[in-house]
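Trainee: So that we are looking at the same thing, I have put the structure below in structure tokens.
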Amino acid sequence: MSIMRSLGDEARPDPGSALRLHLSRWPGYAAAVWGFLFAVPSFVWATGNTFGARSTVSPSLVQLARDGVPWFLTVLVVTGLLKLVGALVGIGLTRPRGMRISRLLVFCGGGAAILLTWHGGLFVLHGMLIETGVAAVEPDLAALTGWYLYLWGPWFIAGGLAFAGATALYLRHLRQLRHRGDRRRLRLYCAAGALGALALSVSSTVTGIG
């Protein structure tokens, strides 16, 4: 009887393990939802409809969308597609994949985490400096300070944290890989994506491009 009971206990799934697996997927789904939601304005504004942008985005950018400037509409469409790709990366990070796909996922996940958190942090920092009077801004942009401080900055940071959490949990789930070298290579891909995004962010901040 004791032998039969032990065999039955081994075959029975562990509810705690299943719950942990389910909860560990939510950062990836959060990143996916973030990407899909953020893609919507890009495609809407690319049609010339500036709903939601007139009071929250720089007037010069709103005018470009309203006038239908081709290069700017192309930028909006491309950024919208990139956000959808980010959503797919978030979905991909919800469960273990093959090694080739895993390398791409952790590379993109690490890069997105740094890129989004960096820009969100800059928005918040800049907004705080203006609100406290440490920095000045042109009068026509003063009304946008609150939006970047309380909306766009936190929104970017939330996306960065979602990708960071999803990528970290994905690497944690792959601990069952047989070869330690595989785990090490995935960490290197993640670090490469993060460092590349950091270099891009710093260079764009210094040069004022982007």
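Starting from 1 in every chain, residues are counted up; chains themselves are A, B, ... following the order of the structure tokens, and ligands are numbered from 1 as listed.
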Set the distance at 10 Å and use only C-alpha atoms: which residues neighbour Gly159 in chain A once local chain neighbours fewer than 3 positions away are removed? I'd like the list as a list in words.
Mentor: Pro27, Ala30, Ala31, Ala32, Val33, Trp34, Gly35, Phe38, Gly86, Ala112, Ala113, Ile114, Leu115, Leu116, Thr117, Gly120, Pro154, Trp155, Phe156, Ala162, Phe163, Ala164 and Gly165 of chain A
Trainee: Restricting it to C-alpha atoms, dump the selection as a PDB file, in the first residue's frame.
Mentor:
```
ATOM      1  CA  PRO A  27       5.518  39.688 -17.219  1.00  0.00           C
ATOM      2  CA  ALA A  30       2.256  42.270 -19.764  1.00  0.00           C
ATOM      3  CA  ALA A  31       5.038  43.141 -22.227  1.00  0.00           C
ATOM      4  CA  ALA A  32       2.897  41.816 -25.098  1.00  0.00           C
ATOM      5  CA  VAL A  33      -0.123  43.882 -24.061  1.00  0.00           C
ATOM      6  CA  TRP A  34       2.138  46.920 -23.632  1.00  0.00           C
ATOM      7  CA  GLY A  35       3.469  46.507 -27.171  1.00  0.00           C
ATOM      8  CA  PHE A  38       1.467  51.251 -27.758  1.00  0.00           C
ATOM      9  CA  GLY A  86       7.991  43.733 -29.224  1.00  0.00           C
ATOM     10  CA  ALA A 112      13.935  46.457 -24.953  1.00  0.00           C
ATOM     11  CA  ALA A 113      14.250  46.506 -21.161  1.00  0.00           C
ATOM     12  CA  ILE A 114      17.184  48.939 -21.232  1.00  0.00           C
ATOM     13  CA  LEU A 115      15.921  51.071 -24.122  1.00  0.00           C
ATOM     14  CA  LEU A 116      12.463  51.646 -22.672  1.00  0.00           C
ATOM     15  CA  THR A 117      13.599  52.170 -19.092  1.00  0.00           C
ATOM     16  CA  GLY A 120      11.195  56.638 -19.639  1.00  0.00           C
ATOM     17  CA  PRO A 154       6.014  55.977 -16.430  1.00  0.00           C
ATOM     18  CA  TRP A 155       4.541  54.223 -19.484  1.00  0.00           C
ATOM     19  CA  PHE A 156       8.000  53.618 -20.980  1.00  0.00           C
ATOM     20  CA  ALA A 162       7.856  44.147 -18.062  1.00  0.00           C
ATOM     21  CA  PHE A 163      10.482  43.106 -20.612  1.00  0.00           C
ATOM     22  CA  ALA A 164      13.156  42.922 -17.915  1.00  0.00           C
ATOM     23  CA  GLY A 165      11.011  40.663 -15.743  1.00  0.00           C
TER      24      GLY A 165
END
```
Trainee: For Ala199 in chain A, work out the shell of residues within 12 Å, counting only C-alpha atoms and skipping chain neighbours fewer than 5 positions away, then give it as number ranges by chain.
Mentor: A: 111, 114-115, 118, 192-194, 204-206
Trainee: Could you please take those selected residues and save all heavy atoms as a PDB file, in the first residue's frame?
Mentor:
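Ended up saving to part-v2.pdb:
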```
ATOM      1  N   GLY A 111      17.461  44.101 -24.697  1.00  0.00           N
ATOM      2  CA  GLY A 111      17.565  45.408 -25.343  1.00  0.00           C
ATOM      3  C   GLY A 111      16.354  46.280 -25.080  1.00  0.00           C
ATOM      4  O   GLY A 111      16.482  47.475 -24.786  1.00  0.00           O
ATOM      5  N   ILE A 114      16.302  47.789 -21.441  1.00  0.00           N
ATOM      6  CA  ILE A 114      17.184  48.939 -21.232  1.00  0.00           C
ATOM      7  C   ILE A 114      16.693  50.157 -22.004  1.00  0.00           C
ATOM      8  O   ILE A 114      16.634  51.274 -21.475  1.00  0.00           O
ATOM      9  CB  ILE A 114      18.623  48.596 -21.652  1.00  0.00           C
ATOM     10  CG1 ILE A 114      19.188  47.497 -20.752  1.00  0.00           C
ATOM     11  CG2 ILE A 114      19.501  49.839 -21.607  1.00  0.00           C
ATOM     12  CD1 ILE A 114      19.283  47.879 -19.295  1.00  0.00           C
ATOM     13  N   LEU A 115      16.326  49.958 -23.261  1.00  0.00           N
ATOM     14  CA  LEU A 115      15.921  51.071 -24.122  1.00  0.00           C
ATOM     15  C   LEU A 115      14.701  51.796 -23.562  1.00  0.00           C
ATOM     16  O   LEU A 115      14.676  53.025 -23.458  1.00  0.00           O
ATOM     17  CB  LEU A 115      15.623  50.546 -25.527  1.00  0.00           C
ATOM     18  CG  LEU A 115      15.365  51.597 -26.615  1.00  0.00           C
ATOM     19  CD1 LEU A 115      16.625  52.393 -26.893  1.00  0.00           C
ATOM     20  CD2 LEU A 115      14.872  50.922 -27.893  1.00  0.00           C
ATOM     21  N   TRP A 118      15.420  53.449 -20.038  1.00  0.00           N
ATOM     22  CA  TRP A 118      16.283  54.620 -20.201  1.00  0.00           C
ATOM     23  C   TRP A 118      15.467  55.832 -20.637  1.00  0.00           C
ATOM     24  O   TRP A 118      15.530  56.909 -20.024  1.00  0.00           O
ATOM     25  CB  TRP A 118      17.382  54.316 -21.207  1.00  0.00           C
ATOM     26  CG  TRP A 118      18.220  55.506 -21.583  1.00  0.00           C
ATOM     27  CD1 TRP A 118      17.947  56.443 -22.536  1.00  0.00           C
ATOM     28  CD2 TRP A 118      19.472  55.904 -20.992  1.00  0.00           C
ATOM     29  NE1 TRP A 118      18.937  57.385 -22.590  1.00  0.00           N
ATOM     30  CE2 TRP A 118      19.885  57.094 -21.657  1.00  0.00           C
ATOM     31  CE3 TRP A 118      20.276  55.372 -19.992  1.00  0.00           C
ATOM     32  CZ2 TRP A 118      21.070  57.742 -21.339  1.00  0.00           C
ATOM     33  CZ3 TRP A 118      21.466  56.025 -19.672  1.00  0.00           C
ATOM     34  CH2 TRP A 118      21.853  57.198 -20.340  1.00  0.00           C
ATOM     35  N   ALA A 192      24.411  41.298 -24.464  1.00  0.00           N
ATOM     36  CA  ALA A 192      24.739  42.007 -25.701  1.00  0.00           C
ATOM     37  C   ALA A 192      23.586  42.906 -26.125  1.00  0.00           C
ATOM     38  O   ALA A 192      23.790  44.055 -26.541  1.00  0.00           O
ATOM     39  CB  ALA A 192      25.065  41.006 -26.806  1.00  0.00           C
ATOM     40  N   GLY A 193      22.357  42.403 -26.021  1.00  0.00           N
ATOM     41  CA  GLY A 193      21.197  43.218 -26.359  1.00  0.00           C
ATOM     42  C   GLY A 193      21.054  44.411 -25.442  1.00  0.00           C
ATOM     43  O   GLY A 193      20.764  45.533 -25.889  1.00  0.00           O
ATOM     44  N   ALA A 194      21.282  44.189 -24.151  1.00  0.00           N
ATOM     45  CA  ALA A 194      21.164  45.273 -23.184  1.00  0.00           C
ATOM     46  C   ALA A 194      22.237  46.335 -23.400  1.00  0.00           C
ATOM     47  O   ALA A 194      21.952  47.540 -23.389  1.00  0.00           O
ATOM     48  CB  ALA A 194      21.254  44.710 -21.766  1.00  0.00           C
ATOM     49  N   SER A 204      22.115  58.565 -28.683  1.00  0.00           N
ATOM     50  CA  SER A 204      20.992  59.378 -29.141  1.00  0.00           C
ATOM     51  C   SER A 204      20.743  60.553 -28.211  1.00  0.00           C
ATOM     52  O   SER A 204      20.358  61.646 -28.638  1.00  0.00           O
ATOM     53  CB  SER A 204      19.732  58.531 -29.267  1.00  0.00           C
ATOM     54  OG  SER A 204      19.311  58.048 -28.002  1.00  0.00           O
ATOM     55  N   THR A 205      20.992  60.340 -26.902  1.00  0.00           N
ATOM     56  CA  THR A 205      20.822  61.431 -25.933  1.00  0.00           C
ATOM     57  C   THR A 205      21.906  62.488 -26.112  1.00  0.00           C
ATOM     58  O   THR A 205      21.627  63.691 -26.104  1.00  0.00           O
ATOM     59  CB  THR A 205      20.879  60.869 -24.496  1.00  0.00           C
ATOM     60  OG1 THR A 205      19.846  59.904 -24.328  1.00  0.00           O
ATOM     61  CG2 THR A 205      20.687  61.992 -23.482  1.00  0.00           C
ATOM     62  N   VAL A 206      23.137  62.054 -26.318  1.00  0.00           N
ATOM     63  CA  VAL A 206      24.253  62.980 -26.456  1.00  0.00           C
ATOM     64  C   VAL A 206      24.144  63.787 -27.760  1.00  0.00           C
ATOM     65  O   VAL A 206      24.369  65.001 -27.781  1.00  0.00           O
ATOM     66  CB  VAL A 206      25.588  62.215 -26.421  1.00  0.00           C
ATOM     67  CG1 VAL A 206      26.755  63.147 -26.765  1.00  0.00           C
ATOM     68  CG2 VAL A 206      25.800  61.612 -25.041  1.00  0.00           C
TER      69      VAL A 206
END
```
Trainee: Could you check the closest approach to Pro41 in chain A for each of A:Leu125, A:Leu64, A:Lys83, A:Pro59 and tell me which residue wins, using only C-alpha atoms?
Mentor: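 Of A:Leu125, A:Leu64, A:Lys83, A:Pro59, the one nearest Pro41 in chain A, counting only C-alpha atoms, is A:Lys83.
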Trainee: Excluding same-chain residues fewer than 2 positions from range 142-151 of chain A, what lies within 9 Å of it counting only C-alpha atoms, as a ChimeraX atom specification?
Mentor: /A:55-58,120,123-128,130-131,136-140,153-156
Trainee: With only C-alpha atoms as the atoms that count, which of A:Ala168, A:Ile101, A:Leu37, A:Ile157 lies nearest to His119 in chain A?
Mentor: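 Closest candidate: A:Ile157.
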Trainee: Within 7 Å of Tyr29 in chain A, counting only C-alpha atoms, which residues show up once you throw out same-chain ones fewer than 5 positions away? Write them as a list of chain:residue names, please.
Mentor: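 Residues meeting the cut-off are A:Gly90, A:Ile91, A:Thr94.
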Trainee: In terms of the shortest atom-to-atom distance over only C-alpha atoms, which of A:Val44, A:Met99, A:Leu93, A:Ala65 is closest to Gly80 in chain A?
Mentor: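 Residue with the minimum atom-to-atom distance to Gly80 in chain A: A:Val44.
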Trainee: So, with only C-alpha atoms as the atoms that count, which of A:Tyr170, A:Arg25, A:Arg66, A:Val85 lies closest to Ala53 in chain A?
Mentor: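 Looking at the shortest contact to Ala53 in chain A, the residue is A:Arg66.
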Trainee: DSSP on the backbone, helix (DSSP H, G or I) only: what residues of range 31-210 of chain A does that give? Format it as a PyMOL selection string.
Mentor: chain A and resi 31-46+59-67+70-92+99-131+139-176+180-207
Trainee: Record the distance separating CA of Leu122 in chain A and CA of Ala191 in chain A, expressed in Å with one decimal.
Mentor: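 We find that CA of Leu122 in chain A and CA of Ala191 in chain A lie 21.7 Å from each other.
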Trainee: In Å, with one decimal, what is the gap from CA of Leu169 in chain A to CA of Leu195 in chain A?
Mentor: 19.2 Å
Trainee: So what do you get for CA of Phe36 in chain A versus CA of Ala87 in chain A, distance-wise?
Mentor: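 Between CA of Phe36 in chain A and CA of Ala87 in chain A the gap is 5.9 Å.
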